[in-house]
Every structure is written in C-alpha cells, then in structure tokens.
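File shown: protein-v7.cif (mmCIF, C-alpha atoms; chains and numbers go by the auth columns).
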data_coords
#
loop_
_atom_site.group_PDB
_atom_site.id
_atom_site.type_symbol
_atom_site.label_atom_id
_atom_site.label_comp_id
_atom_site.label_asym_id
_atom_site.label_seq_id
_atom_site.Cartn_x
_atom_site.Cartn_y
_atom_site.Cartn_z
_atom_site.B_iso_or_equiv
_atom_site.auth_seq_id
_atom_site.auth_asym_id
ATOM 1 C CA MET A 1 44.600 120.171 109.112 0.00 1 A
ATOM 2 C CA ASP A 2 46.376 118.156 106.427 0.00 2 A
ATOM 3 C CA PHE A 3 49.854 116.771 106.889 0.00 3 A
ATOM 4 C CA PRO A 4 52.300 117.016 103.980 0.00 4 A
ATOM 5 C CA VAL A 5 52.660 113.216 103.983 0.00 5 A
ATOM 6 C CA GLU A 6 50.134 110.394 103.800 0.00 6 A
ATOM 7 C CA LEU A 7 49.515 109.140 107.367 0.00 7 A
ATOM 8 C CA SER A 8 47.190 106.441 108.634 0.00 8 A
ATOM 9 C CA PRO A 9 43.785 107.597 109.880 0.00 9 A
ATOM 10 C CA ILE A 10 44.696 106.463 113.414 0.00 10 A
ATOM 11 C CA LEU A 11 47.740 108.752 113.513 0.00 11 A
ATOM 12 C CA VAL A 12 45.785 111.664 112.036 0.00 12 A
ATOM 13 C CA ALA A 13 43.128 111.157 114.733 0.00 13 A
ATOM 14 C CA LYS A 14 45.824 111.122 117.441 0.00 14 A
ATOM 15 C CA ALA A 15 47.357 114.311 116.027 0.00 15 A
ATOM 16 C CA HIS A 16 43.939 115.984 115.975 0.00 16 A
ATOM 17 C CA LYS A 17 43.251 114.833 119.537 0.00 17 A
ATOM 18 C CA LEU A 18 46.621 116.196 120.712 0.00 18 A
ATOM 19 C CA LYS A 19 46.023 119.437 118.748 0.00 19 A
ATOM 20 C CA ILE A 20 49.156 119.067 116.630 0.00 20 A
ATOM 21 C CA ASP A 21 49.008 121.601 113.817 0.00 21 A
ATOM 22 C CA PRO A 22 51.143 120.779 110.726 0.00 22 A
ATOM 23 C CA ALA A 23 51.967 124.495 110.423 0.00 23 A
ATOM 24 C CA ASP A 24 53.781 124.288 113.779 0.00 24 A
ATOM 25 C CA ILE A 25 56.165 121.621 112.479 0.00 25 A
ATOM 26 C CA GLU A 26 59.487 122.742 111.021 0.00 26 A
ATOM 27 C CA GLU A 27 60.947 120.244 108.567 0.00 27 A
ATOM 28 C CA SER A 28 64.549 119.946 107.421 0.00 28 A
ATOM 29 C CA PHE A 29 66.531 117.390 105.450 0.00 29 A
ATOM 30 C CA VAL A 30 70.039 116.715 106.659 0.00 30 A
ATOM 31 C CA VAL A 31 72.889 114.486 105.578 0.00 31 A
ATOM 32 C CA GLY A 32 72.784 111.251 107.509 0.00 32 A
ATOM 33 C CA GLY A 33 75.632 109.398 109.088 0.00 33 A
ATOM 34 C CA GLY A 34 76.639 106.032 110.443 0.00 34 A
ATOM 35 C CA LYS A 35 76.434 102.723 108.594 0.00 35 A
ATOM 36 C CA GLY A 36 75.614 102.696 104.903 0.00 36 A
ATOM 37 C CA GLY A 37 78.810 103.843 103.248 0.00 37 A
ATOM 38 C CA GLN A 38 79.254 106.700 100.826 0.00 38 A
ATOM 39 C CA LYS A 39 75.600 106.870 99.757 0.00 39 A
ATOM 40 C CA VAL A 40 74.458 107.786 103.271 0.00 40 A
ATOM 41 C CA ASN A 41 77.124 110.450 103.655 0.00 41 A
ATOM 42 C CA LYS A 42 76.361 112.118 100.285 0.00 42 A
ATOM 43 C CA THR A 43 72.553 112.338 100.207 0.00 43 A
ATOM 44 C CA ALA A 44 70.274 114.272 102.532 0.00 44 A
ATOM 45 C CA SER A 45 67.892 111.394 103.225 0.00 45 A
ATOM 46 C CA CYS A 46 67.731 111.979 106.986 0.00 46 A
ATOM 47 C CA VAL A 47 64.607 113.900 108.020 0.00 47 A
ATOM 48 C CA GLN A 48 64.521 116.172 111.064 0.00 48 A
ATOM 49 C CA LEU A 49 61.219 117.495 112.401 0.00 49 A
ATOM 50 C CA ARG A 50 60.825 120.110 115.105 0.00 50 A
ATOM 51 C CA HIS A 51 57.499 120.777 116.801 0.00 51 A
ATOM 52 C CA LEU A 52 57.771 124.433 117.785 0.00 52 A
ATOM 53 C CA PRO A 53 55.209 124.645 120.655 0.00 53 A
ATOM 54 C CA SER A 54 56.644 121.665 122.548 0.00 54 A
ATOM 55 C CA ALA A 55 60.264 122.019 121.303 0.00 55 A
ATOM 56 C CA THR A 56 60.283 118.317 120.444 0.00 56 A
ATOM 57 C CA ILE A 57 62.857 117.229 117.859 0.00 57 A
ATOM 58 C CA VAL A 58 62.768 113.945 115.944 0.00 58 A
ATOM 59 C CA ARG A 59 65.335 112.606 113.455 0.00 59 A
ATOM 60 C CA CYS A 60 64.655 109.616 111.243 0.00 60 A
ATOM 61 C CA GLN A 61 67.144 107.748 109.081 0.00 61 A
ATOM 62 C CA LYS A 62 65.693 104.224 109.075 0.00 62 A
ATOM 63 C CA HIS A 63 65.131 103.943 105.332 0.00 63 A
ATOM 64 C CA ARG A 64 67.190 104.756 102.264 0.00 64 A
ATOM 65 C CA GLU A 65 64.476 106.929 100.707 0.00 65 A
ATOM 66 C CA GLN A 66 63.777 110.408 101.976 0.00 66 A
ATOM 67 C CA SER A 67 60.017 110.010 101.442 0.00 67 A
ATOM 68 C CA ARG A 68 59.794 106.930 103.677 0.00 68 A
ATOM 69 C CA ASN A 69 61.944 108.608 106.325 0.00 69 A
ATOM 70 C CA ARG A 70 59.603 111.595 106.193 0.00 70 A
ATOM 71 C CA VAL A 71 56.536 109.440 106.909 0.00 71 A
ATOM 72 C CA SER A 72 58.363 107.616 109.717 0.00 72 A
ATOM 73 C CA ALA A 73 59.508 110.915 111.234 0.00 73 A
ATOM 74 C CA TYR A 74 55.963 112.308 111.340 0.00 74 A
ATOM 75 C CA LYS A 75 54.780 109.074 112.940 0.00 75 A
ATOM 76 C CA LEU A 76 57.563 109.239 115.546 0.00 76 A
ATOM 77 C CA LEU A 77 56.830 112.879 116.269 0.00 77 A
ATOM 78 C CA ILE A 78 53.138 112.244 116.907 0.00 78 A
ATOM 79 C CA LEU A 79 53.910 109.264 119.169 0.00 79 A
ATOM 80 C CA LYS A 80 56.587 111.201 121.072 0.00 80 A
ATOM 81 C CA ILE A 81 54.272 114.151 121.701 0.00 81 A
ATOM 82 C CA GLU A 82 51.574 111.719 122.808 0.00 82 A
ATOM 83 C CA ASP A 83 54.002 110.228 125.345 0.00 83 A
ATOM 84 C CA GLN A 84 54.871 113.704 126.639 0.00 84 A
ATOM 85 C CA VAL A 85 51.267 114.855 126.937 0.00 85 A
ATOM 86 C CA LEU A 86 49.548 111.700 128.208 0.00 86 A
ATOM 87 C CA GLY A 87 52.447 110.116 130.088 0.00 87 A
ATOM 88 C CA ASP A 88 51.472 106.696 131.493 0.00 88 A
ATOM 89 C CA LYS A 89 48.089 106.831 129.757 0.00 89 A
ATOM 90 C CA SER A 90 49.557 106.780 126.234 0.00 90 A
ATOM 91 C CA ASP A 91 49.221 103.647 124.110 0.00 91 A
ATOM 92 C CA ARG A 92 52.970 103.060 123.948 0.00 92 A
ATOM 93 C CA ALA A 93 53.387 103.377 127.736 0.00 93 A
ATOM 94 C CA LYS A 94 50.546 100.896 128.288 0.00 94 A
ATOM 95 C CA LYS A 95 52.133 98.426 125.871 0.00 95 A
ATOM 96 C CA ILE A 96 55.547 98.745 127.557 0.00 96 A
ATOM 97 C CA PHE A 97 53.972 98.239 131.003 0.00 97 A
ATOM 98 C CA LYS A 98 52.153 95.117 129.781 0.00 98 A
ATOM 99 C CA LEU A 99 55.373 93.640 128.343 0.00 99 A
ATOM 100 C CA ARG A 100 57.300 94.322 131.561 0.00 100 A
ATOM 101 C CA LYS A 101 54.563 92.639 133.585 0.00 101 A
ATOM 102 C CA GLN A 102 54.678 89.568 131.330 0.00 102 A
ATOM 103 C CA LYS A 103 58.484 89.377 131.633 0.00 103 A
ATOM 104 C CA VAL A 104 58.277 89.478 135.437 0.00 104 A
ATOM 105 C CA LYS A 105 55.815 86.566 135.398 0.00 105 A
ATOM 106 C CA ARG A 106 58.040 84.704 132.971 0.00 106 A
ATOM 107 C CA SER A 107 61.150 85.189 135.083 0.00 107 A
ATOM 108 C CA LYS A 108 59.348 84.052 138.266 0.00 108 A
ATOM 109 C CA ARG A 109 58.257 80.863 136.478 0.00 109 A
ATOM 110 C CA ALA A 110 61.761 80.310 135.123 0.00 110 A
ATOM 111 C CA LYS A 111 63.281 80.713 138.589 0.00 111 A
ATOM 112 C CA ALA A 112 60.762 78.306 140.133 0.00 112 A
ATOM 113 C CA LYS A 113 61.496 75.735 137.420 0.00 113 A
ATOM 114 C CA MET A 114 65.244 76.109 137.959 0.00 114 A
ATOM 115 C CA LEU A 115 64.855 75.556 141.722 0.00 115 A
ATOM 116 C CA ASP A 116 62.667 72.481 141.103 0.00 116 A
ATOM 117 C CA ASP A 117 65.299 71.067 138.761 0.00 117 A
ATOM 118 C CA LYS A 118 68.019 71.721 141.351 0.00 118 A
ATOM 119 C CA SER A 119 66.098 69.990 144.121 0.00 119 A
ATOM 120 C CA HIS A 120 65.337 67.038 141.818 0.00 120 A
ATOM 121 C CA ARG A 121 69.016 66.778 140.953 0.00 121 A
ATOM 122 C CA GLY A 122 69.880 66.852 144.678 0.00 122 A
ATOM 123 C CA GLU A 123 67.449 64.002 145.334 0.00 123 A
ATOM 124 C CA VAL A 124 69.014 61.959 142.530 0.00 124 A
ATOM 125 C CA LYS A 125 72.471 62.501 144.026 0.00 125 A
ATOM 126 C CA LYS A 126 71.284 61.506 147.515 0.00 126 A
ATOM 127 C CA LEU A 127 69.980 58.198 146.192 0.00 127 A
ATOM 128 C CA ARG A 128 73.373 57.166 144.882 0.00 128 A
ATOM 129 C CA LYS A 129 75.094 54.492 146.934 0.00 129 A
ATOM 130 C CA PRO A 130 78.352 55.506 148.548 0.00 130 A
ATOM 131 C CA VAL A 131 81.474 53.880 147.141 0.00 131 A
ATOM 132 C CA ASN A 132 83.030 51.336 149.553 0.00 132 A
ATOM 133 C CA GLU A 133 86.683 51.810 150.041 0.00 133 A
ATOM 134 C CA VAL A 134 88.878 48.740 149.478 0.00 134 A
ATOM 135 C CA GLU A 135 91.267 47.956 152.344 0.00 135 A
#
What's the structure tokens form of this structure?
Amino acid sequence: MDFPVELSPILVAKAHKLKIDPADIEESFVVGGGKGGQKVNKTASCVQLRHLPSATIVRCQKHREQSRNRVSAYKLLILKIEDQVLGDKSDRAKKIFKLRKQKVKRSKRAKAKMLDDKSHRGEVKKLRKPVNEVE
C-alpha cells in the first residue's frame, strides 16, 4: 500500500487505519484559477483527487508547484475521509472542539472584565462633586 507521493508516517498510518487504498484514488491535474495572474491560468498546477468508494473530492492549489500541491491534496484527502468516518472522534474535530471551548472561556473572562471596568467607572463618576450653580 504505497502512495505515489512521499507522506509522513503518521498520515500513512491513518490511511492504513481507515483502509484507504491508493488504487481507489483517481488523480487529475487541472488548470487553476483565482489570484496569481497568467501563470496560474496557463499551467495545470491544481491537483484534484477523487476517492471512489466514498465519492470524496479534494482540490488543492495552495502552492505554485504541482508536486507540492499533490502532497497537500493527499494529506487533505486522508484528513477529510477521517472526518467523515470518525466524526467527532477524529483528531481535527477534537482540536476544533478544544479551541471553541478555550474561546468561550476567553470571552466570559473578557465580558467579566468589561463589566468590572464599567462599574469602576460608575463609582468614579459618583464620587465627583456636583457643580454649584451661580445665581
């Protein structure tokens, strides 16, 4: 079970665990689009991978070189299939959940600090002496 590109051992282990066979992956190189000018529109550096059993399609156009896009596309495909198969138990889903939890804590602290500052400001304003009107 060898992939046509050099992948990290962690990704190869994930692919093996998810039973992703490289023979089931259809690879095509298409002309990219978007930012980058004429070079992007002329060369077929965008890589599109299709995993036939799960009908998952991934396109990658992050880099200028086709070879780097190919590696990134295989990585994305493995991670996307992992998300589909494992759902909330996948590594990416766990990481996203952890970040969301941290942001909630952060926003609660920020709101509490803002309310403390407001009440402090109110106290400062109460302590000001009223201006006596001149008759």
Task: Matched chain/residue IDs from the PyMOL selection byres ((chain A and resi 14) around 12), as a list in words - done: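 On this input, the PyMOL selection byres ((chain A and resi 14) around 12) captures Leu7, Ser8, Pro9, Ile10, Leu11, Val12, Ala13, Ala15, His16, Lys17, Leu18, Lys19, Ile20, Asp21, Tyr74, Lys75, Leu77, Ile78, Leu79, Lys80, Ile81, Glu82, Asp83, Val85, Leu86, Ser90 and Asp91 of chain A.
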- [ ] Quick one: pull the distance between atom CA of A:Gln66 and atom CA of A:Arg92, Å, one decimal.
- [x] 25.6 Å
TODO: Take the PyMOL selection byres ((chain A and resi 59-62) around 6), apply it to the structure above, and return the hits as a PyMOL selection string.
DONE: chain A and resi 46-48+58+63+69+73
TODO: Report the distance between atom CA of A:Gly32 and atom CA of A:Asp2 in Å, rounded to one decimal place.
DONE: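 For atom CA of A:Gly32 relative to atom CA of A:Asp2, the distance reads 27.3 Å.
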Open item on the list: Just to confirm, what's the straight-line distance from atom CA of A:Glu123 to atom CA of A:Val104 in Å (one decimal)?
Closed with: 28.8 Å
TODO: Enumerate, as a list in words, the residues matched when the PyMOL selection byres ((chain A and resi 40) around 12) is run on the file above.
DONE: Val30, Val31, Gly32, Gly33, Gly34, Lys35, Gly36, Gly37, Gln38, Lys39, Asn41, Lys42, Thr43, Ala44, Ser45, Cys46, Gln61, Lys62, His63, Arg64, Glu65 and Gln66 of chain A
